[in-house]
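Enquirer: Can you read through this structure? Questions will come right after.
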Amino acid sequence: MLQFTKNSIGFLVFILVLFSCANDKVKNNFITENVIVIVVDGARYSETWGDPTHQYVPNMADSMASFGVINTNFYSKGDTWTVTGHTAITTGNFQTINNTGLEIPKNASFFQCYLKEKGFSSTSAWIVASKDKLEVLSDCTDSKWKGKYTPSKNCGVNGIGTGYRNDSLTFIEIMNVFDNFHPNLMLINFREPDFSGHQGNWPNYLKGITDTDEYVYQIWNYIQTNPFYKDKTTLFVTNDHGRHLDSVADGFVSHGDNCEGCKHLNLYAFGPDFKKGIEVDQNRNLTDISATIAYLLNFNMPKSKGKVMLELLK
Ligand SMILES: [Zn+2]
Ligand SMILES: [Zn+2]
């Protein structure tokens, strides 16, 4: 009888160990509970991290880089337009899509996948953008997802079709959304430096990079001091596309082809699960952001073609 009990206890322990191992495989033990993605629209790599002096991104260079990871080999692998770039980030797919806000993406975004799986309300996830057309990112045409689990949005002057908003106003909206809703997942778009680039105004294009570097820095500071976000929030900073090399077409004024200037982007990642103060050069692209977010927050994105950027993580 005693022998039987001993064996039973041994067997029970064995089953418990097996169960906890299986559980470990399913659940990733990350600290990250919130993810913020900031897209600085249309900055060319040669004026951001690709400029060895980092003169136009002083906050990223002097304050942020030593606490995060930068990938120097980060690219768009699709059309180098605003809506394609953002769609690649949110859905994990490079899709040729109308760039004026007349078409919604094919595949479910990380917002929809996250809200469905976690059962959270729409105010847990937000899109806050200077460009009104980016409201298309809130939904998709997939019949299983269309109109469901959509995030809250605050885009352009007053939603799609109302025009672009100045980044200074978008910054105010971002801080209001942070304070009022404490989103777990947020995509932010600043229209600069793309906006001034298209006007052919080089000084204002550079100012757009420096101004957005300051907004990014203020958000970076906020998530480290606000009690809701402190020590459990991941931040990605990237671009939707770059701009032509000086030797291509009208140079910095435009974008949209496959030149190195249009494709090469900046990627900065920061958070409790990320390495600190290093640069990596593994070739990655915009779709890998969605896969990495899903991995960190432990939800599925079956249609994302992205790969988890493990080299960024501790
Ligand atoms: Zn543009
Ligand atoms: Zn180009």
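Residues are named by chain letter and number: chains run A, B, ... in the order of the structure tokens, numbers start at 1 in each chain, and ligands are numbered from 1 in the order shown.
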Mind listing the residues within 9 Å of ligand 1, only C-alpha atoms and all ligand atoms counted, as an NGL selection string?
Expert: :A and (41-42 or 80-82 or 191 or 193-195 or 197-198 or 241-243 or 253-256)
Enquirer: Write to file, as a compact mmCIF listing (two decimals), in the first residue's frame, the residues of the selection just made, with C-alpha atoms.
Expert:
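Below is the file result25.txt, written as the result:
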# COMPACT_ATOMS: atom_id res chain seq x y z
CA ASP A 41 6.55 59.57 -42.00
CA GLY A 42 9.00 59.55 -44.89
CA THR A 80 7.32 52.78 -50.65
CA TRP A 81 4.12 54.71 -50.00
CA THR A 82 2.51 55.77 -46.72
CA ARG A 191 3.19 63.52 -40.99
CA PRO A 193 9.16 65.09 -42.43
CA ASP A 194 7.19 63.69 -45.40
CA PHE A 195 4.96 66.75 -45.58
CA GLY A 197 9.78 66.94 -48.15
CA HIS A 198 6.99 66.99 -50.75
CA HIS A 241 9.13 54.68 -46.24
CA GLY A 242 12.19 56.78 -47.00
CA ARG A 243 12.78 59.14 -49.93
CA VAL A 253 11.25 65.67 -52.63
CA SER A 254 9.59 62.38 -53.62
CA HIS A 255 9.53 58.64 -52.99
CA GLY A 256 7.79 55.50 -54.20
Enquirer: Do you know which residues are at most 10 Å from segment 87-96 of chain A counting only C-alpha atoms, after dropping those on the same chain fewer than 2 positions away, and could you put them as a PyMOL selection string?
Expert: chain A and resi 37+39+76-85+98-99+104-113+134+136-138+140+187+238-240+285-291+293+301-307
Enquirer: Neighbouring residues of ligand 2 are defined here as those with any atom at most 9 Å from a ligand atom, counting only C-alpha atoms and all ligand atoms; list them as a PyMOL selection string.
Expert: chain A and resi 80+242-246+248-249+251-252+254-263
Enquirer: Applying 8 Å and only C-alpha atoms, which residues near Gly161 of chain A remain after dropping the ones on its own chain fewer than 6 positions away? List them as a PyMOL selection string.
Expert: chain A and resi 101+132-133
Enquirer: Which residue, A:Asn204, A:Ser130, A:Asn71, A:Thr32, has the smallest gap to Tyr268 of chain A when you use only C-alpha atoms?
Expert: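 Closest residue, counting only C-alpha atoms: A:Asn71.
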Enquirer: As a PyMOL selection string, please: every residue in segment 72-299 of chain A that a backbone DSSP assignment puts in alpha helix (DSSP H).
Expert: chain A and resi 82-91+110-118+167-181+194-198+202-225+260-263+287-297
Enquirer: For those residues, write C-alpha atoms to a file as an mmCIF file, in the first residue's frame.
Expert:
data_model
loop_
_atom_site.group_PDB
_atom_site.id
_atom_site.type_symbol
_atom_site.label_atom_id
_atom_site.label_comp_id
_atom_site.auth_asym_id
_atom_site.auth_seq_id
_atom_site.Cartn_x
_atom_site.Cartn_y
_atom_site.Cartn_z
ATOM 1 C CA THR A 82 2.509 55.771 -46.723
ATOM 2 C CA VAL A 83 -0.471 53.402 -46.607
ATOM 3 C CA THR A 84 1.542 50.384 -47.821
ATOM 4 C CA GLY A 85 4.227 51.000 -45.220
ATOM 5 C CA HIS A 86 1.742 51.378 -42.372
ATOM 6 C CA THR A 87 -0.262 48.350 -43.563
ATOM 7 C CA ALA A 88 2.929 46.258 -43.506
ATOM 8 C CA ILE A 89 3.498 47.353 -39.899
ATOM 9 C CA THR A 90 -0.054 46.659 -38.681
ATOM 10 C CA THR A 91 -0.945 43.507 -40.691
ATOM 11 C CA PHE A 110 -2.391 43.513 -34.721
ATOM 12 C CA PHE A 111 -5.124 45.667 -33.165
ATOM 13 C CA GLN A 112 -7.901 43.304 -34.210
ATOM 14 C CA CYS A 113 -5.986 40.119 -33.351
ATOM 15 C CA TYR A 114 -5.032 41.523 -29.949
ATOM 16 C CA LEU A 115 -8.486 42.851 -29.017
ATOM 17 C CA LYS A 116 -10.174 39.610 -30.066
ATOM 18 C CA GLU A 117 -7.841 37.305 -28.196
ATOM 19 C CA LYS A 118 -7.652 39.388 -25.017
ATOM 20 C CA ASP A 167 1.995 67.145 -35.726
ATOM 21 C CA SER A 168 1.875 69.597 -32.804
ATOM 22 C CA LEU A 169 -1.903 69.023 -32.615
ATOM 23 C CA THR A 170 -1.471 65.274 -32.990
ATOM 24 C CA PHE A 171 0.975 65.332 -30.093
ATOM 25 C CA ILE A 172 -1.699 66.947 -27.880
ATOM 26 C CA GLU A 173 -4.202 64.260 -28.949
ATOM 27 C CA ILE A 174 -1.659 61.513 -28.184
ATOM 28 C CA MET A 175 -1.152 62.787 -24.644
ATOM 29 C CA ASN A 176 -4.929 63.096 -24.120
ATOM 30 C CA VAL A 177 -5.453 59.510 -25.281
ATOM 31 C CA PHE A 178 -2.641 58.311 -23.011
ATOM 32 C CA ASP A 179 -4.106 60.091 -19.974
ATOM 33 C CA ASN A 180 -7.762 59.282 -20.617
ATOM 34 C CA PHE A 181 -7.624 55.702 -21.921
ATOM 35 C CA ASP A 194 7.190 63.686 -45.404
ATOM 36 C CA PHE A 195 4.958 66.750 -45.584
ATOM 37 C CA SER A 196 7.781 69.294 -45.929
ATOM 38 C CA GLY A 197 9.779 66.943 -48.147
ATOM 39 C CA HIS A 198 6.995 66.991 -50.750
ATOM 40 C CA TRP A 202 15.038 71.102 -47.432
ATOM 41 C CA PRO A 203 15.339 73.180 -44.221
ATOM 42 C CA ASN A 204 11.750 72.370 -43.233
ATOM 43 C CA TYR A 205 12.294 68.702 -44.133
ATOM 44 C CA LEU A 206 15.238 68.611 -41.716
ATOM 45 C CA LYS A 207 13.223 70.532 -39.118
ATOM 46 C CA GLY A 208 10.482 67.902 -39.515
ATOM 47 C CA ILE A 209 12.995 65.202 -38.557
ATOM 48 C CA THR A 210 14.240 67.173 -35.562
ATOM 49 C CA ASP A 211 10.715 68.111 -34.409
ATOM 50 C CA THR A 212 9.529 64.486 -34.557
ATOM 51 C CA ASP A 213 12.691 63.399 -32.727
ATOM 52 C CA GLU A 214 11.556 65.738 -29.927
ATOM 53 C CA TYR A 215 7.974 64.353 -29.873
ATOM 54 C CA VAL A 216 9.352 60.806 -29.802
ATOM 55 C CA TYR A 217 11.631 61.755 -26.915
ATOM 56 C CA GLN A 218 8.731 63.225 -24.934
ATOM 57 C CA ILE A 219 6.686 60.037 -25.435
ATOM 58 C CA TRP A 220 9.733 57.950 -24.476
ATOM 59 C CA ASN A 221 9.997 59.974 -21.250
ATOM 60 C CA TYR A 222 6.267 59.718 -20.584
ATOM 61 C CA ILE A 223 6.179 55.919 -20.734
ATOM 62 C CA GLN A 224 9.007 55.776 -18.216
ATOM 63 C CA THR A 225 7.391 58.094 -15.681
ATOM 64 C CA GLU A 260 17.953 52.473 -51.444
ATOM 65 C CA GLY A 261 16.777 55.887 -50.227
ATOM 66 C CA CYS A 262 13.108 54.850 -50.376
ATOM 67 C CA LYS A 263 13.617 51.375 -48.872
ATOM 68 C CA THR A 287 6.310 43.188 -41.306
ATOM 69 C CA ASP A 288 8.577 41.890 -38.530
ATOM 70 C CA ILE A 289 7.198 44.530 -36.136
ATOM 71 C CA SER A 290 3.762 42.846 -36.062
ATOM 72 C CA ALA A 291 5.273 39.407 -35.410
ATOM 73 C CA THR A 292 7.410 40.765 -32.593
ATOM 74 C CA ILE A 293 4.448 42.544 -30.971
ATOM 75 C CA ALA A 294 2.325 39.367 -31.129
ATOM 76 C CA TYR A 295 5.181 37.399 -29.572
ATOM 77 C CA LEU A 296 5.692 39.913 -26.757
ATOM 78 C CA LEU A 297 2.002 40.302 -25.913
#
Enquirer: I want to know what sits within 8 Å of Ala65 of chain A, based on only C-alpha atoms, with residues of the same chain fewer than 3 positions away left out; could you give that as a list in words?
Expert: Met60, Ala61, Asp62, Gly68, Val69, Ile70, Tyr268, Lys276, Gly277 and Ile278 of chain A
Enquirer: What does the structure give for the distance between atom CA of Ser143 of chain A and atom CA of Ile127 of chain A, in Å to one decimal?
Expert: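 These two atoms are separated by 21.6 Å.
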Enquirer: Please report, as a list in words, each residue of segment 159-231 of chain A to which DSSP assigns strand (DSSP E or B) when run on this structure's backbone.
Expert: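 Of segment 159-231 of chain A, only Leu185, Met186, Leu187, Ile188, Asn189 and Phe190 of chain A fall in strand (DSSP E or B).
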Enquirer: Save the residues we just selected, N, CA and C atoms, as an mmCIF file, in the first residue's frame?
Expert:
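See again-v9.cif below for the written result:
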data_model
loop_
_atom_site.group_PDB
_atom_site.id
_atom_site.type_symbol
_atom_site.label_atom_id
_atom_site.label_comp_id
_atom_site.auth_asym_id
_atom_site.auth_seq_id
_atom_site.Cartn_x
_atom_site.Cartn_y
_atom_site.Cartn_z
ATOM 1 N N LEU A 185 -2.121 49.205 -26.615
ATOM 2 C CA LEU A 185 -1.536 49.078 -27.947
ATOM 3 C C LEU A 185 -1.864 50.354 -28.708
ATOM 4 N N MET A 186 -0.849 50.957 -29.323
ATOM 5 C CA MET A 186 -1.083 52.255 -29.951
ATOM 6 C C MET A 186 -0.159 52.428 -31.151
ATOM 7 N N LEU A 187 -0.717 52.909 -32.240
ATOM 8 C CA LEU A 187 0.076 53.293 -33.408
ATOM 9 C C LEU A 187 -0.036 54.799 -33.576
ATOM 10 N N ILE A 188 1.108 55.454 -33.679
ATOM 11 C CA ILE A 188 1.162 56.905 -33.830
ATOM 12 C C ILE A 188 1.813 57.230 -35.162
ATOM 13 N N ASN A 189 1.230 58.166 -35.891
ATOM 14 C CA ASN A 189 1.858 58.650 -37.135
ATOM 15 C C ASN A 189 2.064 60.157 -37.042
ATOM 16 N N PHE A 190 3.302 60.577 -37.320
ATOM 17 C CA PHE A 190 3.604 62.005 -37.512
ATOM 18 C C PHE A 190 3.798 62.257 -39.010
#
Enquirer: So, counting only C-alpha atoms, which residue among A:Lys131, A:Lys148, A:Tyr75, A:Val40 is closest to Gly119 of chain A?
Expert: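 Looking only at the distances to Gly119 of chain A, the closest residue turns out to be A:Lys148.
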